[in-house]
Structure formats: structure tokens, C-alpha cells
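As C-alpha cells, the structure follows; a few thoughts come after it.
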Amino acid sequence: EDQVTQSPEALRLQEGESSSLNCSYTVSGLRGLFWYRQDPGKGPEFLFTLYSAGEEKEKERLKATLTKKESFLHITAPKPEDSATYLCAVRDYKLSFGAGTTVTVRA
Amino acid sequence: DTAVSQTPKYLVTQMGNDKSIKCEQNLGHDTMYWYKQDSKKFLKIMFSYNNKELIINETVPNRFSPKSPDKAHLNLHINSLELGDSAVYFCASIGDSSYEQYFGPGTRLTVT
């Protein structure tokens, strides 16, 4: 069965303190790795899709990268509004999600 | 305009009751999903419908019955509610040309 493991479970950052989130996965036939952001009381919001090792995508302070076994979400110079839970998911015939990393950025 | 909407947002009910959650999407997508997010934040797929036909059923108890009257709507009916059904239920949809899923705001179900 597909497995998605995210680490760390929680991350507390000072504003401006860059860091990375990890998503390691095992899937029989990867048809995309997805990153979502989820704010409290809301549904997940799509951020990125990565399809092949070496691929990178950027959006504002976020950059996602992909290798054959894991993906990283880099947060550069985070701001308090980047506080959220970041979810990783892999797709074969369905999306399988990790438990997420809750990021808290303090001003 | 809300892309994926769900009603109600909150649902508090007693064990043994029957309840329904409704979902509508105005994105013109063919495929819709129901997910369950438990207290540990794991999002787990329950069902998927493509153009009103069931295509994924992830070994969900048969007390849960999805219904899709048309491709813009996917409802979830739950019979004989149990304490373990307490969770947040999310509806989502996906277009044919993209694998990006759009999620609704969620329905927080509390069974007492």
C-alpha cells in the first residue's frame, strides 16, 4: 500500500528563518506528488504538483523539489501568514496523504 | 464564487441517527470525492464518482452511502451513526486535464 510520511510533525519558526519540510513516499506507480496547504477550519488548498525526479516548482516563498523517494518543501524567509499545515500526497489511482507538518511562524 | 461548497458546516447528532452531507461544485469537473479527516489530521479517501458513477470505494462501512444525482453534486448519507464517525468530511473535485483536487470547506461531524 502507498505510504507517505511527513516530517517533522510540527515546526516553529521565527519570521525570516528559512527551513524545509520533508515528504518521503513509497508508491507503486507515481502519477504525481502534490503539496497542499491547510488552514485551520478550512479545506486543503492546492500548491504544487511534481511529476518527475529533479523537478522544482516555486510560488512566492515556497519551493518544492522531488527526488525518487522524497520531496522537500522549502520555505524561504517565512512570514506569519505562512503558518498552516502543509500536506503532501502521492497519486497512483487515488491520492494518498501524509499526516502533514504544522508550521507556526512567529513575528 | 465558491468552487466546491458543502452543507452543513457543522453537524452534531446522537449515536444511531441518520444524517446527510451535501456537496456541490461549479467547476464543471467530472470527478468528485469524499474524504474523511480524523483527529490526527489524516485525510483518507472514502469514495470517488466520475460523471455520476462510483469508481472508488475504499472499504468504507456500508452505513455510508454516497449518491450523485448529477456530475455537479455528490452527497453522503450516513446511517446508524457511531462515535467513531466523528471527523471532518471533505468533498473535492478534479478536472480531466489536471490532477489538482479542489476541496470544499469541510463538514465537522460530531456524534455524541
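Ordering of the C-alpha cells sets the chain letters (A, B, ...); residue numbers start at 1 within each chain; ligands are numbered from 1 in the order shown.
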- Message: Distance limit 6 Å, atoms considered: only C-alpha atoms. Which chain A residues sit that close to chain B? Return them as a count of residues only.
- Response: 4
- Could you give me, as a list in words, the residues within 8 Å of B:Ile21, counting only C-alpha atoms and dropping anything in the same chain fewer than 5 positions from it?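 That gives Gln6, Thr7, Pro8, Asn75, Leu76, His77 and Thr107 of chain B.
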- Please identify all polymer residues within 9 Å of B:Leu27, counting only C-alpha atoms, omitting same-chain residues fewer than 4 positions from it, and present them as a PyMOL selection string. chain B and resi 3-4+72+93-95
Deliver the residues from the most recent selection as a file, using N, CA and C atoms, as a CSV table (one decimal), in the first residue's frame.
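Result file again27.csv:
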```csv
chain,number,residue,atom,x,y,z
B,3,ALA,N,-16.1,27.5,-5.3
B,3,ALA,CA,-15.9,26.4,-6.3
B,3,ALA,C,-16.5,25.1,-5.9
B,4,VAL,N,-16.2,24.7,-4.6
B,4,VAL,CA,-16.7,23.5,-4.0
B,4,VAL,C,-17.4,23.9,-2.7
B,72,ALA,N,-22.4,17.5,-10.9
B,72,ALA,CA,-22.0,18.6,-10.1
B,72,ALA,C,-22.3,18.4,-8.6
B,93,SER,N,-13.2,17.9,-5.9
B,93,SER,CA,-13.4,17.6,-7.3
B,93,SER,C,-12.2,17.8,-8.1
B,94,ILE,N,-12.1,17.2,-9.3
B,94,ILE,CA,-10.9,17.2,-10.1
B,94,ILE,C,-11.4,17.2,-11.6
B,95,GLY,N,-10.6,18.0,-12.4
B,95,GLY,CA,-10.9,18.1,-13.8
B,95,GLY,C,-10.2,17.0,-14.6
```
- Query: Per DSSP on the backbone, what are the strand (DSSP E) residues of chain B, as JSON, numbers by chain?
  - Reply: {"B": [4, 5, 6, 7, 10, 11, 12, 13, 19, 20, 21, 22, 23, 24, 25, 31, 32, 33, 34, 35, 36, 37, 43, 44, 45, 46, 47, 48, 49, 50, 53, 54, 55, 56, 57, 64, 65, 66, 67, 68, 69, 70, 73, 74, 75, 76, 77, 78, 87, 88, 89, 90, 91, 92, 93, 94, 101, 102, 103, 107, 108, 109, 110, 111]}
- Query: Could you state the separation of atom CA of B:Ser5 and atom CA of B:Trp34 in Å, given to one decimal place?
  - Reply: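 Answer for the atom CA of B:Ser5 to atom CA of B:Trp34 separation: 12.5 Å.
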- Excluding A:Tyr93 and residues on its chain fewer than 6 positions from it, collect all residues at most 10 Å away from it, counting only C-alpha atoms, and give them as a ChimeraX atom specification. /A:29-31 /B:56
Store the residues of this selection in a file with C-alpha atoms, as a PDB file, in the first residue's frame.
```pdb
ATOM      1  CA  GLY A  29       3.366   3.882  -9.870  1.00  0.00           C
ATOM      2  CA  LEU A  30       3.804   7.548  -9.117  1.00  0.00           C
ATOM      3  CA  ARG A  31       1.496   9.746 -11.158  1.00  0.00           C
TER       4      ARG A  31
ATOM      5  CA  ILE B  56     -13.521   4.179  -5.950  1.00  0.00           C
TER       6      ILE B  56
END
```
- Task: Do a neighbour search on A:Leu95 at 9 Å with only C-alpha atoms, toss out local chain neighbours closer than 4 positions, and write the hits as a list in words.
- Result: Leu33, Phe34, Ala89, Val90 and Arg91 of chain A; Lys44 and Ile45 of chain B
For the residues selected in the previous step, produce a file with C-alpha atoms as a tab-separated table (two decimals), in the first residue's frame.
```tsv
chain	number	residue	atom	x	y	z
A	33	LEU	CA	3.29	14.26	-5.94
A	34	PHE	CA	1.16	17.06	-4.59
A	89	ALA	CA	0.10	13.47	-1.23
A	90	VAL	CA	1.07	10.93	-3.88
A	91	ARG	CA	-1.14	9.76	-6.68
B	44	LYS	CA	-8.31	9.45	3.80
B	45	ILE	CA	-10.28	8.88	0.63
```
- Message: Can you pull out the residues contacting B:Ser80? Cut-off 10 Å, using only C-alpha atoms, and skip same-chain residues under 2 positions away; I want them as a list in words.
- Response: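 The residues that qualify are Gln14, Met15, Gly16, Asn17, Asp18, Lys19, Arg63, Phe64, Ile78, Glu82 and Asp85 of chain B.
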Output file for the residues above (N, CA, C and O atoms, as a PDB file, in the first residue's frame):
```
ATOM      1  N   GLN B  14     -26.732  12.488  17.629  1.00  0.00           N
ATOM      2  CA  GLN B  14     -26.563  11.401  18.583  1.00  0.00           C
ATOM      3  C   GLN B  14     -26.317  10.084  17.866  1.00  0.00           C
ATOM      4  O   GLN B  14     -26.688   9.901  16.691  1.00  0.00           O
ATOM      5  N   MET B  15     -25.712   9.187  18.575  1.00  0.00           N
ATOM      6  CA  MET B  15     -25.476   7.831  18.059  1.00  0.00           C
ATOM      7  C   MET B  15     -26.780   7.216  17.596  1.00  0.00           C
ATOM      8  O   MET B  15     -27.830   7.409  18.225  1.00  0.00           O
ATOM      9  N   GLY B  16     -26.703   6.504  16.485  1.00  0.00           N
ATOM     10  CA  GLY B  16     -27.866   5.811  15.979  1.00  0.00           C
ATOM     11  C   GLY B  16     -28.676   6.601  14.970  1.00  0.00           C
ATOM     12  O   GLY B  16     -29.489   6.029  14.242  1.00  0.00           O
ATOM     13  N   ASN B  17     -28.448   7.935  14.919  1.00  0.00           N
ATOM     14  CA  ASN B  17     -29.187   8.754  13.957  1.00  0.00           C
ATOM     15  C   ASN B  17     -28.652   8.569  12.542  1.00  0.00           C
ATOM     16  O   ASN B  17     -27.555   8.048  12.328  1.00  0.00           O
ATOM     17  N   ASP B  18     -29.467   9.041  11.579  1.00  0.00           N
ATOM     18  CA  ASP B  18     -29.076   9.061  10.171  1.00  0.00           C
ATOM     19  C   ASP B  18     -28.927  10.524   9.741  1.00  0.00           C
ATOM     20  O   ASP B  18     -29.782  11.345  10.056  1.00  0.00           O
ATOM     21  N   LYS B  19     -27.847  10.826   9.017  1.00  0.00           N
ATOM     22  CA  LYS B  19     -27.620  12.210   8.571  1.00  0.00           C
ATOM     23  C   LYS B  19     -27.052  12.228   7.162  1.00  0.00           C
ATOM     24  O   LYS B  19     -26.475  11.249   6.692  1.00  0.00           O
ATOM     25  N   ARG B  63     -22.712   1.543   6.019  1.00  0.00           N
ATOM     26  CA  ARG B  63     -23.584   2.578   6.609  1.00  0.00           C
ATOM     27  C   ARG B  63     -23.418   3.910   5.855  1.00  0.00           C
ATOM     28  O   ARG B  63     -24.259   4.797   5.974  1.00  0.00           O
ATOM     29  N   PHE B  64     -22.316   4.024   5.134  1.00  0.00           N
ATOM     30  CA  PHE B  64     -22.049   5.230   4.345  1.00  0.00           C
ATOM     31  C   PHE B  64     -22.508   4.980   2.909  1.00  0.00           C
ATOM     32  O   PHE B  64     -22.036   4.032   2.261  1.00  0.00           O
ATOM     33  N   ILE B  78     -25.242   8.929   5.891  1.00  0.00           N
ATOM     34  CA  ILE B  78     -24.669   8.027   6.884  1.00  0.00           C
ATOM     35  C   ILE B  78     -25.787   7.508   7.777  1.00  0.00           C
ATOM     36  O   ILE B  78     -26.508   8.299   8.406  1.00  0.00           O
ATOM     37  N   GLU B  82     -22.120   6.285  14.499  1.00  0.00           N
ATOM     38  CA  GLU B  82     -21.351   5.784  15.632  1.00  0.00           C
ATOM     39  C   GLU B  82     -20.368   6.860  16.090  1.00  0.00           C
ATOM     40  O   GLU B  82     -20.036   7.768  15.335  1.00  0.00           O
ATOM     41  N   ASP B  85     -17.481   7.849  13.925  1.00  0.00           N
ATOM     42  CA  ASP B  85     -17.736   8.595  12.692  1.00  0.00           C
ATOM     43  C   ASP B  85     -17.428  10.080  12.869  1.00  0.00           C
ATOM     44  O   ASP B  85     -17.396  10.824  11.884  1.00  0.00           O
TER      45      ASP B  85
END
```
- Near A:Glu55, counting only C-alpha atoms, which residues have an atom at most 10 Å away, once you skip same-chain residues fewer than 5 positions from it, shown as an NGL selection string? :A and (49-50 or 64-67 or 71)
